[in-house]
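Heads up: the structure comes next, in structure tokens.
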Amino acid sequence: MSAHDHTGTVDEGRRQALRLAGGGLAVAFLWSAGMGPAVAQMNPRRQPGDEAAAAADGNPPFAPNAFIRIDADGGVRLVMPSAEMGQSIYTGIAMMLAEELGVGLDQIKVEHSPPSDALYGQPLLGGGQITGGSTSTRGQWQALREAGAVAREMLVAAAAAQWHVDPESCSVARGVVTHVPSGRTLGFGAVAEAAGRLPQPASVKLKERKDFTLIGKPLRRIDSPDKVNGGTQFGIDVKVPGMKFAAVRTSPELAGTLGAVDDSKARTIPGVIEVIKLDDAVAVVGEHYWAAQQGLQALDIEWKPGVNAKLDTQTLVAALQETSRNGKALVGRKPKGEAPAGGKRVEAAFVSPMLAHAPMEPLNATVHVTPGRCEVWTGTQVPTRVVKEAARICGIPEQAVVLHNQYLGGGFGRRLETDQVEQAVAFARQVSYPLKVIWSREEDIRHDRVRPLYYDRISATLGDDGKPTSWQHRITSGTVLGRWLPAAMGKDGMDSDAIESAADLPYDMDNVLVEWAYHVMPPGLVVGWWRGVGPTHNLFIVESFIDELAHTAGKDPLEYRRSLMKPGSRALGVLNLAAEKIGWGGQPLPARVGRGIAVGSPFGSHVCAIVEAEVTPQGQVRLRRAVVAVDNGITINPSSVQAQMQGGLLFGLSAALYNGITLKNGAIEQSNFHDYRNLRINEVPQIDVYSVENDEAPGGIGEVGTAIAAPALANAIFAATGIRLRELPVSRTQLAESPDALKKVAGILTGKEDVA
């Protein structure tokens, strides 16, 4: 293995994606420790639905599978099975296909795929057309390269037949087939129609890694130019002839309903067209969004309280604590043997907050409902689910719903939900024109489907050598999987996402007990997938606690982790690489500056992050530096890996430092970036990313950095202050050196005291 600084895979022998009978949907997080790899694959060859898909695409001369279209002029179009939301998957997929097809990235036009589980179902997600869980590359790696190879061999066969030569004497580069002995050439367009009439090869030979010309190169993203010049169309950019705009407000209380609405003032505002209602929401329609938003502000709305009128965060935490103590718990990992008697007992309890997604592009959908038909323009991670829900609301067959998927201005799991599209369809049914429904930032955050609140109790007994002789971890939370797809729950009711990165530790320990206690969420409080899903929460608990055990045992945090890992393991490899690159154990750090380590194996990759942070006497945390080492097997695009690790880490650090969703009177208190903020550019530290190169199959990358961020930060804060964080987000009050220091920074922030 070699390390490079341009830029992680859980051993697939330890995990298996659960497939559901009948082609049902599953999620990224359906893994089971100790089981073999998933065997489902995308189909790189012709399928029953390909003919209809090609017909809808204008019947190009050459459409050998669901992913490749070659037109008569030689133009190459790639139909993308995954959704692009900033994670650079369009570039990665294009590189995989183009590598085997024999074209350059600059010769390709990419297109959003139409809704179809049959053609574009993700094998690691039970066959559903879903983008999530860092599965796109690892679930499509083999099949999409094969799809390119199948097309290439058919094109070569067509050219060879025209020349009456052996196909083995031909080569392909940049969309041109060359007969090597004679130098004759034919472009793809010239042989496309003939290739389309040929039978598909029974087998194809894929390139070896040493022969890659695209894969493994740090190439520019194919979608960057249009994003720079404004040519990219996101859902919020959609324009349809005759379209009107709607601004919406939903009941602030999560289980409340709409009462009386006085719209007399709103209707006097220029540009306001109509006021329409649902059971729990009201929308103002305008000629433009400003008129609709002004009209919405002018409404006099009476909301009817629901069952959560008195619900607050403290009540919810207390309820989870009670479930943790007295509720039924399911076992996710059993100890292999009896722990020896005696030893030092260490215990801790943690609270991890609810979190919102807050993508830069607020939720939106444009919908046109006509008799017997519904047309939808939106950016979604679940196209076929959008179609299904639109058909249900309109009472029409799914075939009568037309979805135009768009680029997503961020998702982070939020666009795995269809609630905003469902609401837009319900509003659009009440009007005759296309209706663009846009949620404001406030509406987006206050009605998010939040990451669950977690309460964890964890304990271990240390032997004379300081190593754990037993380990117990009880996780208590609601279940996203149980709502999103109940059929994917374990036979005993286990939510595999709730225990991921807790049951499958990177440490060599036998006496490990991991349990999950399910807590029923109050009505209206809907929990959803948040970037990093289960590992984001569990790695914070596990790595914080491992750090605490090292301190209790009087061991260096790095050496302690090394002592618990199997020699030669991939997790140990990234731990050693990160420690080397940051210079662990070198020059002493200044006072109130510390470094924190976190290591884990989420999403089929292995990662170690080391964060260096300073904590001021006033309790402010200043990020100084971060080093990340990742082993994600074969890297498709090192530039994308670097960007995703940096962006994911910053997303996770922002959440750990500043973010938490709290409830008061049954409503979410946060509303915009002033009280749900991100790191600003002047607060971003230097982040160095190093990758371990090997021949292992690719792992996921989009959520890996987020999942490892919080524990590395928390451990750095402990190293700087001696204060162990049991709750997030970080509390300045807890970290301040003294009450007077905290008062001083409060005065500075309010302008009542000079900075000096």
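Lettering and numbering for the structure tokens are positional, with chains as A, B, ... in the shown order, residues counted from 1 in each chain, and ligands counted from 1 in the shown order.
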Taking only C-alpha atoms into account, produce a table as a tab-separated table in which each residue of segment 432-457 of chain A with an atom at most 12 Å from an atom of segment 494-500 of chain A appears once, together with its shortest atom pair and the distance in Å to one decimal, ordered by chain and rising number.
```
residue	atom	partner	partner_atom	distance
A:Arg451	CA	A:Ala498	CA	11.5
A:Pro452	CA	A:Ala498	CA	9.9
A:Leu453	CA	A:Ala498	CA	11.4
A:Tyr454	CA	A:Ala498	CA	9.5
A:Tyr455	CA	A:Ala498	CA	11.6
A:Asp456	CA	A:Ala498	CA	11.2
```
Do a neighbour search on Ala609 of chain A at 6 Å with only C-alpha atoms, toss out local chain neighbours closer than 4 positions, and write the hits as a PDB file with N, CA and C atoms, in the first residue's frame.
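Dumped everything to result-v9.pdb:
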```pdb
ATOM      1  N   ILE A 597      -7.749  12.220  18.379  1.00  0.00           N
ATOM      2  CA  ILE A 597      -7.765  11.164  17.368  1.00  0.00           C
ATOM      3  C   ILE A 597      -9.143  10.527  17.328  1.00  0.00           C
ATOM      4  N   ALA A 598      -9.582  10.128  16.147  1.00  0.00           N
ATOM      5  CA  ALA A 598     -10.762   9.270  15.994  1.00  0.00           C
ATOM      6  C   ALA A 598     -10.524   8.381  14.781  1.00  0.00           C
ATOM      7  N   VAL A 627      -5.779  16.577  10.070  1.00  0.00           N
ATOM      8  CA  VAL A 627      -5.175  15.604   9.155  1.00  0.00           C
ATOM      9  C   VAL A 627      -6.112  14.418   9.066  1.00  0.00           C
ATOM     10  N   VAL A 628      -6.410  14.014   7.843  1.00  0.00           N
ATOM     11  CA  VAL A 628      -7.305  12.882   7.618  1.00  0.00           C
ATOM     12  C   VAL A 628      -6.595  11.870   6.737  1.00  0.00           C
TER      13      VAL A 628
END
```
Select, from A:Gly133, A:Gly126, A:Gly583, A:Pro270, the residue with the minimum atom-to-atom distance to Pro535 of chain A, counting only C-alpha atoms. A:Gly133
In segment 459-610 of chain A, DSSP helix (DSSP H, G or I) residues written as a ChimeraX atom specification: /A:481-484,486-488,496-499,533-552,557-564,570-582
Resulting file, chosen residues, C-alpha atoms, as a JSON list (two decimals), in the first residue's frame:
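For reference, out-v8.json as written:
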```
[["chain", "number", "residue", "atom", "x", "y", "z"],
["A", 481, "LEU", "CA", -35.39, 2.70, 9.10],
["A", 482, "GLY", "CA", -38.53, 1.55, 10.88],
["A", 483, "ARG", "CA", -40.47, 4.46, 9.38],
["A", 484, "TRP", "CA", -38.72, 4.73, 6.04],
["A", 486, "PRO", "CA", -40.33, -1.18, 8.03],
["A", 487, "ALA", "CA", -39.78, -4.34, 5.97],
["A", 488, "ALA", "CA", -36.01, -3.79, 6.16],
["A", 496, "SER", "CA", -29.12, -2.07, 11.73],
["A", 497, "ASP", "CA", -28.41, 1.63, 11.18],
["A", 498, "ALA", "CA", -28.78, 2.34, 14.91],
["A", 499, "ILE", "CA", -25.83, 0.07, 15.74],
["A", 533, "VAL", "CA", -26.47, 8.29, 9.52],
["A", 534, "GLY", "CA", -25.78, 5.80, 12.33],
["A", 535, "PRO", "CA", -21.96, 6.00, 12.20],
["A", 536, "THR", "CA", -22.00, 9.77, 12.76],
["A", 537, "HIS", "CA", -23.59, 9.23, 16.16],
["A", 538, "ASN", "CA", -21.91, 5.97, 17.12],
["A", 539, "LEU", "CA", -18.38, 7.02, 16.25],
["A", 540, "PHE", "CA", -18.75, 10.03, 18.53],
["A", 541, "ILE", "CA", -19.68, 7.75, 21.42],
["A", 542, "VAL", "CA", -17.21, 4.95, 20.72],
["A", 543, "GLU", "CA", -14.16, 7.10, 19.97],
["A", 544, "SER", "CA", -14.83, 9.49, 22.84],
["A", 545, "PHE", "CA", -15.05, 6.53, 25.18],
["A", 546, "ILE", "CA", -11.94, 4.81, 23.81],
["A", 547, "ASP", "CA", -10.12, 8.09, 24.43],
["A", 548, "GLU", "CA", -11.46, 8.14, 27.97],
["A", 549, "LEU", "CA", -10.27, 4.58, 28.57],
["A", 550, "ALA", "CA", -6.80, 5.53, 27.35],
["A", 551, "HIS", "CA", -6.72, 8.43, 29.81],
["A", 552, "THR", "CA", -7.98, 6.23, 32.64],
["A", 557, "PRO", "CA", -4.37, 7.82, 22.96],
["A", 558, "LEU", "CA", -2.49, 6.77, 19.83],
["A", 559, "GLU", "CA", -0.58, 3.92, 21.45],
["A", 560, "TYR", "CA", -3.69, 2.75, 23.26],
["A", 561, "ARG", "CA", -5.61, 2.40, 20.00],
["A", 562, "ARG", "CA", -2.68, 0.66, 18.35],
["A", 563, "SER", "CA", -2.57, -1.88, 21.16],
["A", 564, "LEU", "CA", -6.23, -2.78, 20.55],
["A", 570, "ARG", "CA", -6.65, -1.39, 7.30],
["A", 571, "ALA", "CA", -7.95, 0.66, 10.23],
["A", 572, "LEU", "CA", -4.50, 0.50, 11.83],
["A", 573, "GLY", "CA", -3.02, 1.59, 8.52],
["A", 574, "VAL", "CA", -4.95, 4.86, 8.43],
["A", 575, "LEU", "CA", -4.31, 5.45, 12.14],
["A", 576, "ASN", "CA", -0.56, 5.17, 11.61],
["A", 577, "LEU", "CA", -0.63, 7.32, 8.49],
["A", 578, "ALA", "CA", -2.56, 10.17, 10.11],
["A", 579, "ALA", "CA", -0.33, 10.10, 13.19],
["A", 580, "GLU", "CA", 2.80, 10.22, 11.04],
["A", 581, "LYS", "CA", 1.56, 13.11, 8.92],
["A", 582, "ILE", "CA", 0.54, 15.31, 11.86]]
```
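Checking A:Val692, A:Ala460, A:Leu299, A:Ala613 one by one against Arg592 of chain A, counting only C-alpha atoms, you find the shortest gap at A:Ala613.
Minimum distance to Asp312 of chain A across A:Glu253, A:Asp117, A:Glu347, A:Glu443 (counting only C-alpha atoms) occurs at A:Glu253.
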Contacts of Leu513 of chain A at 9 Å (only C-alpha atoms; same-chain gap of 5+ positions) as a PyMOL selection string: chain A and resi 331-335+470-474+503
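Residues with any atom within 12 Å of Ile396 of chain A, counting only C-alpha atoms and excluding same-chain neighbours fewer than 2 positions away, are Val369, Thr370, Pro371, Gly372, Arg373, Cys374, Glu375, Val387, Lys388, Glu389, Ala390, Ala391, Arg392, Ile393, Cys394, Glu398, Gln399, Ala400, Val401 and Val402 of chain A.
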Excluding Phe718 of chain A and any residue of its chain fewer than 3 positions from it, enumerate the residues within 12 Å of it, using only C-alpha atoms, and give them as JSON, numbers by chain. {"A": [544, 545, 547, 548, 551, 557, 592, 593, 594, 595, 596, 597, 611, 612, 613, 614, 615, 621, 711, 712, 713, 714, 715, 721, 722, 723, 724, 725, 726, 730, 734, 735]}
Same residues, C-alpha atoms, output as a compact mmCIF listing (two decimals), in the first residue's frame:
```txt
# COMPACT_ATOMS: atom_id res chain seq x y z
CA SER A 544 -14.83 9.49 22.84
CA PHE A 545 -15.05 6.53 25.18
CA ASP A 547 -10.12 8.09 24.43
CA GLU A 548 -11.46 8.14 27.97
CA HIS A 551 -6.72 8.43 29.81
CA PRO A 557 -4.37 7.82 22.96
CA ARG A 592 -4.97 24.95 25.96
CA VAL A 593 -4.14 23.41 22.58
CA GLY A 594 -4.81 19.73 22.06
CA ARG A 595 -4.97 17.04 19.43
CA GLY A 596 -7.72 14.47 19.22
CA ILE A 597 -7.77 11.16 17.37
CA VAL A 611 -7.93 17.48 14.84
CA GLU A 612 -5.79 20.14 16.50
CA ALA A 613 -7.79 22.76 18.37
CA GLU A 614 -7.26 25.63 20.77
CA VAL A 615 -9.76 26.47 23.50
CA VAL A 621 -12.88 26.67 20.17
CA PRO A 711 -15.08 12.51 18.08
CA ALA A 712 -11.80 13.89 16.79
CA LEU A 713 -12.88 17.38 17.85
CA ALA A 714 -14.18 16.24 21.25
CA ASN A 715 -10.94 14.41 21.97
CA THR A 721 -8.78 21.39 28.66
CA GLY A 722 -9.24 18.09 30.47
CA ILE A 723 -13.00 18.46 29.98
CA ARG A 724 -14.77 15.44 28.50
CA LEU A 725 -17.80 16.32 26.37
CA ARG A 726 -20.86 14.16 27.04
CA VAL A 730 -19.98 22.16 22.24
CA GLN A 734 -18.58 24.32 30.02
CA LEU A 735 -15.20 25.09 28.44
```
Looking only at strand (DSSP E) from DSSP on the backbone, list the matching residues of segment 467-573 of chain A as a ChimeraX atom specification. /A:468-477,512-518
Å distance separating atom CA of Ala349 of chain A from atom CA of Thr476 of chain A, one decimal place: 11.1 Å
